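Trainee: This is query01.cif (mmCIF, C-alpha atoms).
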data_entry
#
loop_
_atom_site.label_atom_id
_atom_site.label_comp_id
_atom_site.auth_asym_id
_atom_site.auth_seq_id
_atom_site.Cartn_x
_atom_site.Cartn_y
_atom_site.Cartn_z
CA MET L 153 -116.43 58.10 198.21
CA ILE L 154 -113.99 60.73 199.36
CA LEU L 155 -111.78 59.81 202.32
CA ASP L 156 -110.28 62.94 203.81
CA ASP L 157 -108.69 61.30 206.86
CA ARG L 158 -105.87 59.32 205.24
CA GLU L 159 -102.20 60.02 204.54
CA LEU L 160 -99.45 58.31 202.55
CA ILE L 161 -96.08 57.42 204.03
CA ILE L 162 -93.63 56.64 201.25
CA VAL L 163 -90.61 54.36 201.75
CA ASP L 164 -88.11 54.45 198.90
CA GLY L 165 -84.56 53.24 198.32
CA ILE L 166 -82.56 50.10 197.62
CA ASP L 167 -83.05 48.78 201.18
CA ALA L 168 -86.81 49.56 201.33
CA ALA L 169 -88.03 45.99 200.76
CA TYR L 170 -85.55 44.48 203.24
CA PHE L 171 -86.32 47.17 205.82
CA LEU L 172 -90.10 46.71 205.71
CA GLN L 173 -89.98 42.92 205.48
CA ARG L 174 -88.23 42.75 208.86
CA LEU L 175 -90.55 45.29 210.47
CA ILE L 176 -94.23 44.79 209.58
CA THR L 177 -96.64 41.84 209.50
CA THR L 178 -97.19 41.77 205.73
CA ASP L 179 -95.08 39.66 203.36
CA ILE L 180 -94.24 42.49 201.02
CA HIS L 181 -92.84 40.13 198.38
CA LYS L 182 -96.39 38.85 197.85
CA ILE L 183 -97.86 42.29 197.12
CA GLY L 184 -98.95 42.27 193.50
CA GLU L 185 -99.04 45.11 191.00
CA HIS L 186 -101.67 47.72 191.91
CA GLU L 187 -102.56 45.88 195.13
CA MET L 188 -102.98 47.44 198.57
CA CYS L 189 -102.60 44.73 201.21
CA PRO L 190 -103.36 44.96 204.93
CA GLY L 191 -100.45 45.39 207.29
CA ALA L 192 -99.62 46.32 210.84
CA LEU L 193 -96.72 47.42 212.99
CA LEU L 194 -96.84 45.51 216.25
CA SER L 195 -95.55 46.06 219.74
CA HIS L 196 -93.03 43.56 221.08
CA GLN L 197 -95.99 41.98 222.90
CA GLY L 198 -97.62 41.27 219.54
CA LYS L 199 -100.41 43.87 219.70
CA ILE L 200 -101.27 46.25 216.87
CA LEU L 201 -99.83 49.72 217.28
CA PHE L 202 -100.79 50.87 213.77
CA ASP L 203 -102.84 49.25 211.03
CA PHE L 204 -102.59 50.35 207.42
CA LEU L 205 -102.64 49.31 203.78
CA ILE L 206 -99.39 48.89 201.89
CA GLY L 207 -98.80 48.87 198.15
CA ARG L 208 -95.74 49.01 195.98
CA ASP L 209 -94.53 50.32 192.65
CA LYS L 210 -91.23 48.56 191.95
CA ASN L 211 -89.00 49.58 194.89
CA VAL L 212 -91.27 52.33 196.19
CA PHE L 213 -93.72 51.43 198.95
CA PHE L 214 -96.87 53.39 199.80
CA ILE L 215 -98.38 53.09 203.28
CA ASP L 216 -101.99 54.29 203.44
CA ILE L 217 -102.70 55.12 207.09
CA SER L 218 -105.17 57.09 209.19
CA ARG L 219 -104.01 60.70 209.44
CA ILE L 220 -104.43 60.55 213.22
CA PHE L 221 -101.69 57.90 213.44
CA ALA L 222 -99.48 59.02 210.54
CA ASP L 223 -97.11 61.12 212.63
CA ALA L 224 -96.51 58.36 215.19
CA MET L 225 -96.01 55.77 212.44
CA PHE L 226 -93.57 58.05 210.62
CA ARG L 227 -91.56 58.52 213.82
CA LYS L 228 -91.48 54.75 214.43
CA LEU L 229 -90.23 54.04 210.91
CA THR L 230 -87.59 56.75 211.29
CA PHE L 231 -86.51 55.28 214.64
CA TYR L 232 -86.01 51.81 213.09
CA LYS L 233 -84.30 53.17 209.98
CA LEU L 234 -80.81 53.24 211.54
CA GLY L 235 -78.27 52.78 208.70
CA SER L 236 -80.72 51.55 206.06
CA ASN L 237 -80.36 53.10 202.63
CA ILE L 238 -83.92 54.36 202.44
CA LYS L 239 -85.87 57.59 202.33
CA ILE L 240 -89.06 57.95 204.37
CA SER L 241 -91.41 60.77 203.45
CA ARG L 242 -95.01 61.83 204.00
CA LYS L 243 -97.58 62.96 201.49
CA GLU L 244 -100.58 64.77 202.92
CA LEU L 245 -103.58 64.25 200.70
CA PRO L 246 -106.63 66.52 200.58
CA PHE L 247 -108.55 63.29 200.03
CA ILE L 248 -108.40 59.94 198.25
CA LEU L 249 -111.12 58.43 196.11
CA LEU L 250 -112.84 55.08 196.54
CA VAL L 251 -114.55 53.81 193.40
CA LEU L 252 -115.96 50.50 192.25
CA LYS L 253 -113.65 48.45 190.05
CA ASN L 254 -116.28 48.17 187.32
CA SER L 255 -117.15 51.87 187.30
CA LEU L 256 -116.55 54.01 184.24
CA PHE L 257 -113.86 55.98 186.02
CA LYS L 258 -110.98 56.32 183.56
CA ILE L 259 -107.70 55.04 185.00
CA ASP L 260 -104.48 55.58 183.07
CA SER L 261 -100.75 55.29 183.71
CA SER L 262 -100.58 58.77 185.27
CA ILE L 263 -102.93 57.81 188.12
CA LEU L 264 -101.66 56.17 191.31
CA PHE L 265 -104.25 53.53 192.18
CA PHE L 266 -104.44 50.23 194.05
CA TYR L 267 -107.08 47.55 194.58
CA ASP L 268 -108.03 47.04 198.23
CA LYS L 269 -107.11 43.39 198.89
CA ARG L 270 -109.01 43.30 202.18
CA ILE L 271 -112.25 43.31 200.22
CA PHE L 272 -113.69 40.11 198.77
CA ASN L 273 -112.93 40.01 195.02
CA SER L 274 -110.89 43.24 195.48
CA ASN L 275 -113.58 45.31 193.76
CA ILE L 276 -112.72 48.61 195.49
CA VAL L 277 -110.14 50.90 193.88
CA ARG L 278 -108.27 53.45 196.00
CA ILE L 279 -107.04 56.40 193.91
CA TYR L 280 -104.36 58.72 195.27
CA ASN L 281 -103.79 61.23 192.49
CA PHE L 282 -106.25 62.27 189.82
CA ARG L 283 -107.07 65.00 187.39
CA ASP L 284 -110.83 64.88 187.54
CA TYR L 285 -113.63 62.62 188.70
CA THR L 286 -117.37 62.15 188.44
CA LYS L 287 -119.13 62.01 191.80
CA SER L 288 -121.65 59.45 190.54
CA PHE L 289 -118.85 56.88 190.42
CA LEU L 290 -117.93 57.29 194.07
CA LEU L 291 -119.03 55.09 196.92
CA GLU L 292 -121.16 56.73 199.58
CA ARG L 293 -119.67 56.57 203.08
CA ASP L 294 -122.47 54.37 204.44
CA ARG L 295 -122.04 52.01 201.52
CA TRP L 296 -118.30 51.81 202.19
CA ASN L 297 -118.96 51.05 205.86
CA ILE L 298 -121.43 48.31 204.89
CA ILE L 299 -118.74 46.82 202.63
CA ARG L 300 -116.36 46.91 205.60
CA ILE L 301 -118.96 45.24 207.81
CA ILE L 302 -119.69 42.45 205.32
CA ASN L 303 -115.97 41.81 204.88
CA GLY L 304 -115.21 42.14 208.60
CA ILE L 305 -112.73 44.97 208.06
CA ALA L 306 -111.84 46.81 211.26
CA GLU L 307 -110.00 50.12 211.30
CA ILE L 308 -107.96 51.56 214.15
CA GLY L 309 -109.63 54.42 215.96
CA LEU L 310 -113.05 53.29 214.73
CA ASP L 311 -113.27 49.65 215.82
CA PHE L 312 -110.31 49.20 218.19
CA MET L 313 -107.64 51.25 219.89
CA SER L 314 -103.89 51.18 219.37
CA GLY L 315 -102.24 48.51 221.52
CA SER L 316 -105.52 46.77 222.41
CA VAL L 317 -105.75 43.83 219.96
CA PHE L 318 -103.66 41.07 218.44
CA PRO L 319 -103.74 40.66 214.64
CA HIS L 320 -105.76 37.44 214.98
CA ASP L 321 -108.45 39.34 216.90
CA ILE L 322 -109.32 41.40 213.82
CA ASN L 323 -108.93 38.45 211.40
CA TYR L 324 -105.60 39.55 209.94
CA ASP L 325 -104.66 35.89 209.60
CA GLN L 326 -107.69 35.47 207.33
CA ILE L 327 -107.18 38.45 205.01
CA GLY L 328 -103.46 38.23 204.28
CA GLY L 329 -102.36 40.74 206.88
CA ILE L 330 -99.92 38.41 208.67
CA SER L 331 -97.17 36.21 207.27
CA PHE L 332 -96.20 33.05 209.14
CA THR L 333 -93.45 32.10 206.69
CA LYS L 334 -91.38 35.19 205.94
CA GLY L 335 -89.26 35.15 209.09
CA CYS L 336 -88.85 37.54 211.98
CA TYR L 337 -90.52 40.92 212.43
CA ILE L 338 -91.51 42.86 215.53
CA GLY L 339 -94.04 40.84 217.58
CA GLN L 340 -93.71 37.81 215.29
CA GLU L 341 -93.00 35.28 218.05
CA VAL L 342 -96.25 36.11 219.85
CA VAL L 343 -98.51 35.91 216.80
CA SER L 344 -96.80 32.72 215.59
CA ARG L 345 -97.38 31.11 218.98
CA MET L 346 -101.07 32.10 218.85
CA GLU L 347 -101.36 30.58 215.38
CA HIS L 348 -99.62 27.28 216.07
CA ARG L 349 -101.19 26.73 219.49
CA SER L 350 -104.65 27.81 218.29
CA ILE L 351 -105.13 30.13 221.27
CA ILE L 352 -107.22 32.74 219.48
CA VAL L 353 -109.64 34.16 222.05
CA ARG L 354 -111.30 37.01 220.14
CA ARG L 355 -112.61 37.40 216.61
CA LEU L 356 -114.26 40.06 214.50
CA LEU L 357 -117.77 38.98 213.45
CA VAL L 358 -120.69 40.44 211.52
CA VAL L 359 -123.74 41.45 213.58
CA ARG L 360 -127.40 41.84 212.65
CA GLY L 361 -129.82 43.32 215.16
CA GLU L 362 -133.58 42.79 215.54
CA LYS L 363 -133.78 46.58 215.83
CA VAL L 364 -131.55 49.49 214.88
CA LEU L 365 -128.34 49.01 216.81
CA PRO L 366 -126.85 51.51 219.27
CA SER L 367 -123.63 53.33 218.48
CA SER L 368 -120.22 51.71 218.44
CA ASN L 369 -118.56 50.68 221.71
CA ALA L 370 -121.85 49.37 223.11
CA ILE L 371 -121.36 46.27 225.26
CA ILE L 372 -122.55 42.85 224.03
CA GLU L 373 -123.84 40.50 226.73
CA VAL L 374 -125.00 36.94 227.33
CA ASN L 375 -126.89 36.43 230.60
CA ASN L 376 -125.65 39.85 231.75
CA LYS L 377 -122.02 38.84 231.18
CA PHE L 378 -119.65 40.69 228.85
CA VAL L 379 -118.84 38.87 225.60
CA GLY L 380 -117.76 41.70 223.28
CA VAL L 381 -118.24 45.19 221.95
CA LEU L 382 -119.75 46.72 218.83
CA GLY L 383 -117.55 48.41 216.27
CA THR L 384 -118.81 50.28 213.20
CA VAL L 385 -122.64 50.39 213.07
CA ILE L 386 -124.93 51.10 210.12
CA GLY L 387 -128.60 50.67 211.04
CA HIS L 388 -129.24 47.01 211.87
CA GLN L 389 -125.73 45.95 210.81
CA ALA L 390 -122.38 46.14 212.56
CA ILE L 391 -119.08 44.47 213.15
CA ALA L 392 -118.13 43.38 216.64
CA LEU L 393 -115.02 42.25 218.46
CA VAL L 394 -116.14 39.31 220.60
CA ARG L 395 -114.99 36.42 222.75
CA ILE L 396 -115.40 33.72 220.14
CA ASP L 397 -115.63 30.88 222.70
CA ARG L 398 -118.48 32.57 224.59
CA ILE L 399 -120.36 33.36 221.39
CA LYS L 400 -120.08 29.76 220.21
CA MET L 401 -121.33 28.50 223.57
CA ALA L 402 -124.29 30.91 223.57
CA ILE L 403 -125.27 29.86 220.05
CA SER L 404 -124.97 26.16 220.90
CA VAL L 405 -127.41 26.42 223.84
CA ASN L 406 -129.65 29.10 222.27
CA ASP L 407 -128.86 31.71 224.90
CA PRO L 408 -129.93 35.17 223.66
CA ILE L 409 -127.09 37.55 222.83
CA THR L 410 -128.00 41.21 223.33
CA VAL L 411 -126.66 44.73 223.16
CA LYS L 412 -128.55 47.27 225.28
CA GLY L 413 -131.50 44.89 225.33
CA ILE L 414 -131.60 44.36 221.55
CA LYS L 415 -131.28 40.77 220.45
CA ILE L 416 -128.48 40.26 217.93
CA PHE L 417 -127.32 37.49 215.64
CA PHE L 418 -123.86 36.71 214.32
CA SER L 419 -122.48 35.58 210.99
CA LEU L 420 -119.02 35.22 209.52
CA PRO L 421 -117.36 37.81 207.30
CA VAL L 422 -117.28 36.67 203.67
CA ASN L 423 -113.52 36.20 203.57
CA VAL L 424 -112.78 33.93 206.55
CA ASN L 425 -112.45 30.17 206.94
CA PHE L 426 -113.08 29.68 210.67
CA THR L 427 -116.51 28.60 211.93
CA LEU L 428 -119.10 29.53 214.55
#
The structure in this file should be written as structure tokens.

Mentor:
Amino acid sequence: MILDDRELIIVDGIDAAYFLQRLITTDIHKIGEHEMCPGALLSHQGKILFDFLIGRDKNVFFIDISRIFADAMFRKLTFYKLGSNIKISRKELPFILLVLKNSLFKIDSSILFFYDKRIFNSNIVRIYNFRDYTKSFLLERDRWNIIRIINGIAEIGLDFMSGSVFPHDINYDQIGGISFTKGCYIGQEVVSRMEHRSIIVRRLLVVRGEKVLPSSNAIIEVNNKFVGVLGTVIGHQAIALVRIDRIKMAISVNDPITVKGIKIFFSLPVNVNFTL
């Protein structure tokens, strides 16, 4: 699949690791070779301003972010830079490639690639520079969105808006997007309190409809009361940001859960350890 809506922000320099570790949700010291891990920059109230993937090559860090939010993220990083010995730059990409890990796509040392750690078994490779490619090896966009749905992977601008969700809401605590051990970063006190007091109100779940589902942002109801909203939709499948307590209650008493009159059923993403 070709993604033509992403951009790389590159953070380089001897202070890069220290700078990022104190700023974003990800524990960057746990990022392995050729791994892209989920991350976020939070507001002081603990809500996600920007979500992204972050990978590293020695002391150089690559932030893969939606092009729509790249400029604002770049300005935020520059604002927090202060006296740090780092260089922050942007690399506009015509597109990046998504291929299956077991495809015949030839990867060598000249290609910048990372495995997407949000995906179960990390079987999706994101390639940022390349000499040639064979289209038959690429994921189709619908297939990529189905992979996101199965894995419960939300993306800003598609499934939630900037400043509207906490990391727990989109299962960042389940997919390695938040560290509770690395120390302070912006918004850390709020997300740590949510974790230790178990006050998680919303979750991202997988949806299956009895019929083809309406478009994203459709309201999910139980007994005509709001319980959540659809995110990315592909046919009968979708992800949804929901009030987890109300969904559990509806399931326990067999109350129908609907979206625009269509009965829907919930399941857990493949990579989480909470229950319904």

Trainee: For the structure shown, which residues end up in the PyMOL selection byres ((chain L and resi 321) around 7)? Put them as a VMD selection string, please?

Mentor: chain L and resid 317 to 320 322 to 323 354 to 356

Trainee: May I have the protein, DNA and RNA residues with an atom at most 8 Å from (-102.9, 44.3, 206.0), counting all atoms listed in the file in the file's coordinates, returned as a list in words?

Mentor: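 Within the cut-off we find Thr177, Thr178, Cys189, Pro190, Gly191, Ala192, Asp203, Phe204, Leu205, Ile206, Arg270, Tyr324, Ile327, Gly328, Gly329 and Ile330 of chain L.
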
Trainee: Evaluated on this file, the PyMOL selection byres ((chain L and resi 411) around 7) picks out some residues - which ones are they, written as a ChimeraX atom specification?

Mentor: /L:370-373,410,412-415

Trainee: Considering only C-alpha atoms, can you say which of L:Asp325, L:Asp209, L:Glu347, L:Asp164 comes closest to Val424 in chain L?

Mentor: L:Asp325

Trainee: With all atoms listed in the file as the atoms that count, which of L:Gly335, L:Leu420, L:Asp294, L:Val358 lies nearest to Ile386 in chain L?

Mentor: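 Result for the nearest residue to Ile386 in chain L: L:Asp294.
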
Trainee: Since the input is missing atoms for range 384-397 of chain L, could you rebuild it with N, CA, C and O atoms and give the result as a PDB file, in the frame of the given file?

Mentor:
ATOM      1  N   THR L 384    -118.059  49.442 214.131  1.00  0.00           N
ATOM      2  CA  THR L 384    -118.810  50.280 213.200  1.00  0.00           C
ATOM      3  C   THR L 384    -120.245  49.787 213.074  1.00  0.00           C
ATOM      4  O   THR L 384    -120.493  48.593 212.917  1.00  0.00           O
ATOM      5  N   VAL L 385    -121.215  50.720 213.138  1.00  0.00           N
ATOM      6  CA  VAL L 385    -122.640  50.390 213.070  1.00  0.00           C
ATOM      7  C   VAL L 385    -123.287  51.184 211.941  1.00  0.00           C
ATOM      8  O   VAL L 385    -123.083  52.390 211.811  1.00  0.00           O
ATOM      9  N   ILE L 386    -124.078  50.473 211.123  1.00  0.00           N
ATOM     10  CA  ILE L 386    -124.930  51.100 210.120  1.00  0.00           C
ATOM     11  C   ILE L 386    -126.318  50.482 210.244  1.00  0.00           C
ATOM     12  O   ILE L 386    -126.537  49.342 209.821  1.00  0.00           O
ATOM     13  N   GLY L 387    -127.237  51.179 210.885  1.00  0.00           N
ATOM     14  CA  GLY L 387    -128.600  50.670 211.040  1.00  0.00           C
ATOM     15  C   GLY L 387    -128.651  49.393 211.852  1.00  0.00           C
ATOM     16  O   GLY L 387    -128.254  49.356 213.018  1.00  0.00           O
ATOM     17  N   HIS L 388    -129.135  48.310 211.212  1.00  0.00           N
ATOM     18  CA  HIS L 388    -129.240  47.010 211.870  1.00  0.00           C
ATOM     19  C   HIS L 388    -127.945  46.202 211.775  1.00  0.00           C
ATOM     20  O   HIS L 388    -127.865  45.097 212.315  1.00  0.00           O
ATOM     21  N   GLN L 389    -126.950  46.712 211.066  1.00  0.00           N
ATOM     22  CA  GLN L 389    -125.730  45.950 210.810  1.00  0.00           C
ATOM     23  C   GLN L 389    -124.536  46.545 211.543  1.00  0.00           C
ATOM     24  O   GLN L 389    -124.471  47.748 211.785  1.00  0.00           O
ATOM     25  N   ALA L 390    -123.581  45.677 211.865  1.00  0.00           N
ATOM     26  CA  ALA L 390    -122.380  46.140 212.560  1.00  0.00           C
ATOM     27  C   ALA L 390    -121.306  45.066 212.471  1.00  0.00           C
ATOM     28  O   ALA L 390    -121.561  43.931 212.049  1.00  0.00           O
ATOM     29  N   ILE L 391    -120.108  45.460 212.839  1.00  0.00           N
ATOM     30  CA  ILE L 391    -119.080  44.470 213.150  1.00  0.00           C
ATOM     31  C   ILE L 391    -118.834  44.533 214.646  1.00  0.00           C
ATOM     32  O   ILE L 391    -119.097  45.548 215.296  1.00  0.00           O
ATOM     33  N   ALA L 392    -118.331  43.442 215.193  1.00  0.00           N
ATOM     34  CA  ALA L 392    -118.130  43.380 216.640  1.00  0.00           C
ATOM     35  C   ALA L 392    -116.906  42.547 216.959  1.00  0.00           C
ATOM     36  O   ALA L 392    -116.656  41.514 216.325  1.00  0.00           O
ATOM     37  N   LEU L 393    -116.148  42.993 217.937  1.00  0.00           N
ATOM     38  CA  LEU L 393    -115.020  42.250 218.460  1.00  0.00           C
ATOM     39  C   LEU L 393    -115.511  41.478 219.676  1.00  0.00           C
ATOM     40  O   LEU L 393    -115.935  42.078 220.664  1.00  0.00           O
ATOM     41  N   VAL L 394    -115.485  40.132 219.582  1.00  0.00           N
ATOM     42  CA  VAL L 394    -116.140  39.310 220.600  1.00  0.00           C
ATOM     43  C   VAL L 394    -115.249  38.181 221.074  1.00  0.00           C
ATOM     44  O   VAL L 394    -114.310  37.776 220.384  1.00  0.00           O
ATOM     45  N   ARG L 395    -115.577  37.665 222.262  1.00  0.00           N
ATOM     46  CA  ARG L 395    -114.990  36.420 222.750  1.00  0.00           C
ATOM     47  C   ARG L 395    -115.610  35.283 221.962  1.00  0.00           C
ATOM     48  O   ARG L 395    -116.761  34.919 222.184  1.00  0.00           O
ATOM     49  N   ILE L 396    -114.848  34.702 221.061  1.00  0.00           N
ATOM     50  CA  ILE L 396    -115.400  33.720 220.140  1.00  0.00           C
ATOM     51  C   ILE L 396    -115.883  32.460 220.867  1.00  0.00           C
ATOM     52  O   ILE L 396    -116.894  31.855 220.491  1.00  0.00           O
ATOM     53  N   ASP L 397    -115.208  32.066 221.959  1.00  0.00           N
ATOM     54  CA  ASP L 397    -115.630  30.880 222.700  1.00  0.00           C
ATOM     55  C   ASP L 397    -116.985  31.093 223.357  1.00  0.00           C
ATOM     56  O   ASP L 397    -117.859  30.202 223.347  1.00  0.00           O
TER      57      ASP L 397
END
